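Below is one structure, written out as structure tokens; comments come after it.
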Amino acid sequence: MSLLKSYVSRISLIQLISVHLLSATMIVLQAFLIVYIINSIFLNNASFLDVVFYLIGLIMVMSLRALLTYTSGHIGISLAKNAKAKLRMQLIHHYTKQPIELASQGRSGSKVSTLLNVVDQTDAYYREYLPQMVRASIVPLTILIIMFTQNWVSGVIVLVTAPFIPIFMAIIGLKTRDKSEEQLNALSNFSGQFLDSVQGLTTLSLFGRAHNEQDLIEKRSDQFRDATLGVLKVAFTSAFMMELISMLSIGLIALELAVGLIIFDSILFTTAFFVLLLAPEFYIALKDLSSAFHSGRESITAGKKLEDALNEQAESINWGDQTIVSVPPRITFSHVTFAYHSEPTLNNISTTIEPGDNVAIVGPSGAGKTTFLHVLAGLLPVHNGTIFINNLKQYDLREDVWFQQLSYITQSPHVFAGSIYDNIAISKPNANFDDVQQAADLAKLTPLINSLENGLETVVGEGGRGLSGGEKQRLALARAFLKQPSLILFDEPTTGLDLETERTLNHAISTLSENATVITVAHRIHTIQSADKILVMENGELTAEGTDEMLKQSSETYRALLDRRGGVNA
């Protein structure tokens with residue numbers, strides 16, 4: 001609730017109060033004019049000309065009242081529009097500033113649902129609930145005061161019956177909150193499941209699991225449907241009870257006025273008629289609040305969910321204000337351990353990588369090579385031990401500072417839907433055209449760019465559709481050339497490429513590594529043998545380290561890897 005309130009400007013609130021003060025005045029004035037015109041024509045036999053100015057005034061009052069209703073709605077819509085835009089920007093800022101470890105948690109579909117659907121559900125708070133709250137605070141009170149001045153008995157009846165509406169609203173509100181939370185959870189589960197299934201549709205089809213996933217999506221959809229129907233059931237019950245309470249209350253007032261007017265002759269016709277016209281307006285304001293209250297409860301529940309999303313914190317990461325002193329950095333692993341589901345993938349790793357070293361990591365499949373890179377990059381947390389960057393603990397470094405020093409190039413770099421220029425410039429948004437062009441030249445991407453009609457502005461599909469594996473790798477290298485990092489991580493970047501493309505990429509990598517520390521999960525023999533330092537891994541442990549000549553003499557595992565034809569087994 002506090003999150004939603006924080007987006008209500010003082011000016012908008014003043015505007016709403018002013019509008020509804022005028023609206024209350026117009027309601028009373030409209031009732032007065034109707035009573036005067038009818039009393040004049042039917043009881044005092046006045047002519048049309050005698051009341052023509054009052055009729056014009058009535059038309060003007062009704063028109064102004066309609067205009068004020070429109071204005072109130074317009075203010076609510078503007079509030080909702082601005083608040084939702086700010087909420088989405090706050091969420092996007094929060095998601096983009098999250099540490100990688102936290103950002104990778106949870107389903108993408110759930111986050112998309114929060115960003116779109118949950119934010120949209122706050123609309124009713126600003127567009128309906130808040131304006132009706134202001135109206136219900138002004139209009140009924142004004143009418144009640146006027147009624148007491150005209151007929152205190154009617155005022156007492158209103159005072160006795162009116163509290164039933166907020167009492168019932170509170171009861172309904174509790175039920176609505178539970179149902180709204182159930183609906184939002186069902187929507188989040190459905191969205192997450194659906195997006196995951198769409199993203200992995202090819203894999204599901206290949207493994208013959210598409211039908212099972214379809215059944216699961218159908219189940220999630222049914223749960224969301226049932227939750228939505230539960231919310232609607234509460235809404236219909238609320239509307240029925242509000243109508244019943246207001247109808248009975250107006251009936252009591254009408255009965256009291258009829259008794260006073262006909263039997264006891266204690267009240268004038270004009271007074272009775274005036275009070276009878278005001279009574280429905282009193283209850284209409286409360287009924288409208290009741291309807292808006294139901295939507296408002298859903299919005300408040302959505303606001304609570306947004307507040308929870310914005311308050312997410314990474315418990316295991318504490319990024320301080322230190323910066324890396326030298327470039328490239330010295331990296332030290334001190335008894336580093338990382339485990340998947342209690343099974344160590346890295347076990348007690350200790351090693352030091354000097355600034356500017358060209359390091360190769362080798363080992364059989366499942367040895368922990370890629371996990372080593374992920375832990376060093378900060379994509380996975382260290383469970384035990386410490387990684388030092390120039391004698392600073394890695395987790396004490398601000399994440400943005402650390403990532404400015406780092407480039408990580410995998411076997412299949414991600415390419416976004418957009419131009420080649422934008423895909424390169426993503427690594428340095430403030431770069432100019434010449435910088436991007438130079439980075440493309442250094443990455444040997446220029447022949448491809450020159451062959452395209454629109455050059456750097458050529459649009460590629462999502463995931464790099466239209467580009468070969470080697471072209472994607474060159475694009476990733478261009479990003480690194482533009483960024484000029486001090487630490488570059490390669491995860492078998494030339495696997496699956498033809499020899500000519502591999503030679504081209506190796507030359508570009510060699511150029512890129514002249515001013516950086518390079519750590520490569522190696523596949524080719526020449527990459528391994530040319531390294532300054534080789535780390536041999538097996539079963540998550542660092543079994544040997546040294547140069548090619550040293551390891552040939554001291555490591556049986558290393559010799560076995562070299563003996564395998566075509567290089568080491570990835």
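Order determines the names: the first chain of the structure tokens is A, the second B, and so forth; residues in each chain are numbered 1 upward, and ligands are numbered 1 upward as they are shown.
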
Shell around A:Gln214 at 10 Å using only C-alpha atoms, local window under 6 positions removed, as a PyMOL selection string: chain A and resi 194+197+220

Residue contacts of A:Tyr340 (12 Å, only C-alpha atoms) excluding same-chain residues fewer than 4 positions away, as a PyMOL selection string: chain A and resi 344-347+368+371+380-383+540

Quick one: residues within 12 Å of stretch 331-337 of chain A, only C-alpha atoms, excluding same-chain residues fewer than 2 positions away - as a PDB file with C-alpha atoms, in the first residue's frame?
ATOM      1  CA  ILE A 324      40.696  -2.666  -9.156  1.00  0.00           C
ATOM      2  CA  SER A 326      46.075  -2.390 -11.651  1.00  0.00           C
ATOM      3  CA  VAL A 327      45.245  -3.645 -15.122  1.00  0.00           C
ATOM      4  CA  PRO A 328      45.392  -6.535 -15.823  1.00  0.00           C
ATOM      5  CA  PRO A 329      44.784  -7.947 -12.332  1.00  0.00           C
ATOM      6  CA  ALA A 339      28.987 -27.516  -5.069  1.00  0.00           C
ATOM      7  CA  TYR A 340      25.835 -28.378  -7.005  1.00  0.00           C
ATOM      8  CA  SER A 342      25.996 -30.849  -2.101  1.00  0.00           C
ATOM      9  CA  GLU A 343      28.173 -32.512  -4.773  1.00  0.00           C
ATOM     10  CA  PRO A 344      31.455 -30.544  -5.104  1.00  0.00           C
ATOM     11  CA  THR A 345      32.110 -29.376  -8.667  1.00  0.00           C
ATOM     12  CA  LEU A 346      35.156 -27.391  -7.600  1.00  0.00           C
ATOM     13  CA  ASN A 347      36.978 -28.836  -4.609  1.00  0.00           C
ATOM     14  CA  ASN A 348      39.618 -26.875  -2.687  1.00  0.00           C
ATOM     15  CA  ILE A 349      41.081 -25.054  -5.715  1.00  0.00           C
ATOM     16  CA  SER A 350      44.174 -22.962  -4.968  1.00  0.00           C
ATOM     17  CA  THR A 351      46.228 -21.233  -7.681  1.00  0.00           C
ATOM     18  CA  THR A 352      47.553 -17.827  -8.694  1.00  0.00           C
ATOM     19  CA  ILE A 353      47.266 -16.264 -12.150  1.00  0.00           C
ATOM     20  CA  GLU A 354      49.728 -13.437 -12.739  1.00  0.00           C
ATOM     21  CA  PRO A 355      48.814 -10.229 -14.623  1.00  0.00           C
ATOM     22  CA  GLY A 356      48.961 -10.738 -18.383  1.00  0.00           C
ATOM     23  CA  ASP A 357      49.195 -14.541 -18.195  1.00  0.00           C
ATOM     24  CA  VAL A 359      46.221 -19.578 -19.085  1.00  0.00           C
ATOM     25  CA  GLY A 368      34.783 -28.484 -13.587  1.00  0.00           C
ATOM     26  CA  THR A 371      32.400 -23.962 -13.483  1.00  0.00           C
ATOM     27  CA  PHE A 372      35.872 -22.541 -12.777  1.00  0.00           C
ATOM     28  CA  LEU A 373      35.180 -19.733 -15.276  1.00  0.00           C
ATOM     29  CA  VAL A 375      32.922 -18.806 -10.342  1.00  0.00           C
ATOM     30  CA  LEU A 376      35.738 -16.482 -11.402  1.00  0.00           C
ATOM     31  CA  ALA A 377      33.331 -14.336 -13.435  1.00  0.00           C
ATOM     32  CA  LEU A 380      28.228 -18.526  -9.395  1.00  0.00           C
ATOM     33  CA  PRO A 381      28.944 -17.972  -5.694  1.00  0.00           C
ATOM     34  CA  VAL A 382      31.986 -19.337  -3.873  1.00  0.00           C
ATOM     35  CA  HIS A 383      30.721 -21.717  -1.180  1.00  0.00           C
ATOM     36  CA  ASN A 384      34.035 -22.005   0.646  1.00  0.00           C
ATOM     37  CA  GLY A 385      37.373 -20.269   0.242  1.00  0.00           C
ATOM     38  CA  THR A 386      38.107 -16.893  -1.353  1.00  0.00           C
ATOM     39  CA  ILE A 387      39.004 -15.430  -4.739  1.00  0.00           C
ATOM     40  CA  PHE A 388      41.350 -12.429  -4.488  1.00  0.00           C
ATOM     41  CA  ILE A 389      41.631  -9.770  -7.192  1.00  0.00           C
ATOM     42  CA  ASN A 390      44.805  -7.788  -6.542  1.00  0.00           C
ATOM     43  CA  ASN A 391      44.569  -8.706  -2.845  1.00  0.00           C
ATOM     44  CA  LEU A 392      40.931  -7.585  -2.674  1.00  0.00           C
ATOM     45  CA  LYS A 393      38.254 -10.180  -2.020  1.00  0.00           C
ATOM     46  CA  GLN A 394      36.147 -10.643  -5.141  1.00  0.00           C
ATOM     47  CA  SER A 486      41.730  -6.534 -18.484  1.00  0.00           C
ATOM     48  CA  LEU A 487      40.492 -10.112 -18.031  1.00  0.00           C
ATOM     49  CA  THR A 517      44.969 -11.747 -18.767  1.00  0.00           C
ATOM     50  CA  VAL A 518      43.418 -14.547 -20.832  1.00  0.00           C
ATOM     51  CA  ILE A 519      41.965 -17.746 -19.376  1.00  0.00           C
ATOM     52  CA  GLY A 540      36.562 -30.854  -9.706  1.00  0.00           C
ATOM     53  CA  GLU A 541      40.134 -30.800  -8.406  1.00  0.00           C
ATOM     54  CA  LEU A 542      43.226 -29.014  -9.687  1.00  0.00           C
TER      55      LEU A 542
END

Contacts of A:Ala443 at 9 Å (only C-alpha atoms; same-chain gap of 4+ positions) as a VMD selection string: chain A and resid 438 to 439 473 to 481 504 to 505 507 to 509 512

Per-residue DSSP, stretch 365-521 of chain A, filtered to strand (DSSP E or B), as a list in words: Asn384, Gly385, Thr386, Ile387, Phe388, Ile389, Leu392, Lys393, Leu397, Leu406, Ser407, Tyr408, Ile409, Gly418, Ser419, Val459, Val460, Leu487, Ile488, Leu489, Phe490, Asp491, Thr517, Val518, Ile519, Thr520 and Val521 of chain A

Residues near stretch 134-136 of chain A, cut-off 7 Å, only C-alpha atoms, skip fewer than 4 positions along chain, as a VMD selection string: chain A and resid 16 to 17 20 130 140 285 to 286 289

If DSSP is run on the backbone, what residues of stretch 335-434 of chain A are alpha helix (DSSP H)? A reply as a CSV table (one decimal) with N, CA and C atoms, in the first residue's frame would be ideal.
chain,number,residue,atom,x,y,z
A,369,LYS,N,35.8,-27.4,-15.5
A,369,LYS,CA,36.5,-26.3,-16.3
A,369,LYS,C,35.6,-25.1,-16.4
A,370,THR,N,34.4,-25.3,-16.9
A,370,THR,CA,33.4,-24.2,-17.1
A,370,THR,C,33.0,-23.6,-15.8
A,371,THR,N,32.8,-24.5,-14.8
A,371,THR,CA,32.4,-24.0,-13.5
A,371,THR,C,33.5,-23.0,-12.9
A,372,PHE,N,34.7,-23.4,-13.2
A,372,PHE,CA,35.9,-22.5,-12.8
A,372,PHE,C,35.7,-21.1,-13.3
A,373,LEU,N,35.4,-21.0,-14.6
A,373,LEU,CA,35.2,-19.7,-15.3
A,373,LEU,C,34.0,-19.0,-14.7
A,374,HIS,N,32.9,-19.7,-14.5
A,374,HIS,CA,31.7,-19.1,-13.9
A,374,HIS,C,31.9,-18.5,-12.5
A,375,VAL,N,32.6,-19.3,-11.7
A,375,VAL,CA,32.9,-18.8,-10.3
A,375,VAL,C,33.8,-17.6,-10.4
A,376,LEU,N,34.8,-17.6,-11.3
A,376,LEU,CA,35.7,-16.5,-11.4
A,376,LEU,C,35.0,-15.2,-11.9
A,377,ALA,N,34.1,-15.5,-12.9
A,377,ALA,CA,33.3,-14.3,-13.4
A,377,ALA,C,32.3,-13.7,-12.4
A,399,GLU,N,29.9,-5.0,-8.3
A,399,GLU,CA,29.6,-5.8,-9.4
A,399,GLU,C,29.9,-5.1,-10.7
A,400,ASP,N,29.4,-3.8,-10.8
A,400,ASP,CA,29.6,-3.1,-12.1
A,400,ASP,C,31.1,-2.8,-12.3
A,401,VAL,N,31.9,-2.5,-11.3
A,401,VAL,CA,33.3,-2.3,-11.4
A,401,VAL,C,34.0,-3.6,-11.9
A,402,TRP,N,33.6,-4.7,-11.4
A,402,TRP,CA,34.2,-6.0,-11.8
A,402,TRP,C,33.9,-6.3,-13.2
A,403,PHE,N,32.7,-6.2,-13.6
A,403,PHE,CA,32.3,-6.5,-15.0
A,403,PHE,C,32.8,-5.6,-16.0
A,404,GLN,N,33.2,-4.4,-15.6
A,404,GLN,CA,33.9,-3.5,-16.5
A,404,GLN,C,35.3,-4.0,-16.9
A,420,ILE,N,23.8,-5.2,-36.4
A,420,ILE,CA,25.2,-5.6,-36.0
A,420,ILE,C,25.8,-4.5,-35.1
A,421,TYR,N,25.6,-3.3,-35.5
A,421,TYR,CA,26.2,-2.1,-34.8
A,421,TYR,C,25.7,-2.2,-33.3
A,422,ASP,N,24.4,-2.3,-33.1
A,422,ASP,CA,23.9,-2.3,-31.7
A,422,ASP,C,24.4,-3.5,-30.9
A,423,ASN,N,24.6,-4.7,-31.6
A,423,ASN,CA,25.1,-5.9,-30.9
A,423,ASN,C,26.5,-5.7,-30.5
A,424,ILE,N,27.3,-4.9,-31.2
A,424,ILE,CA,28.7,-4.7,-30.8
A,424,ILE,C,28.7,-3.6,-29.7
A,425,ALA,N,28.0,-2.6,-30.0
A,425,ALA,CA,28.0,-1.4,-29.1
A,425,ALA,C,27.5,-1.7,-27.7
A,433,PHE,N,30.7,5.7,-33.7
A,433,PHE,CA,30.7,4.8,-34.9
A,433,PHE,C,32.1,4.3,-35.2
A,434,ASP,N,33.1,5.2,-35.2
A,434,ASP,CA,34.4,4.9,-35.5
A,434,ASP,C,35.0,3.8,-34.6

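Restricting the calculation to only C-alpha atoms, the smallest distance between A:Ser468 and any of A:Ile41, A:Val415, A:Asn506, A:Pro429 is found for A:Val415.
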
Residue nearest A:Ser23 - candidates A:Val139, A:Ile11, A:Leu535, A:Ala186, atoms counted: only C-alpha atoms: A:Val139

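The residue that comes closest to A:Gly455, out of A:Ile262, A:Val51, A:Arg559, A:Gln437 and on the basis of only C-alpha atoms, is A:Gln437.
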
Separation of atom CA of A:Leu144 from atom CA of A:Ile284 in Å: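 Taking atom CA of A:Ile284 and atom CA of A:Leu144, their separation equals 13.2 Å.
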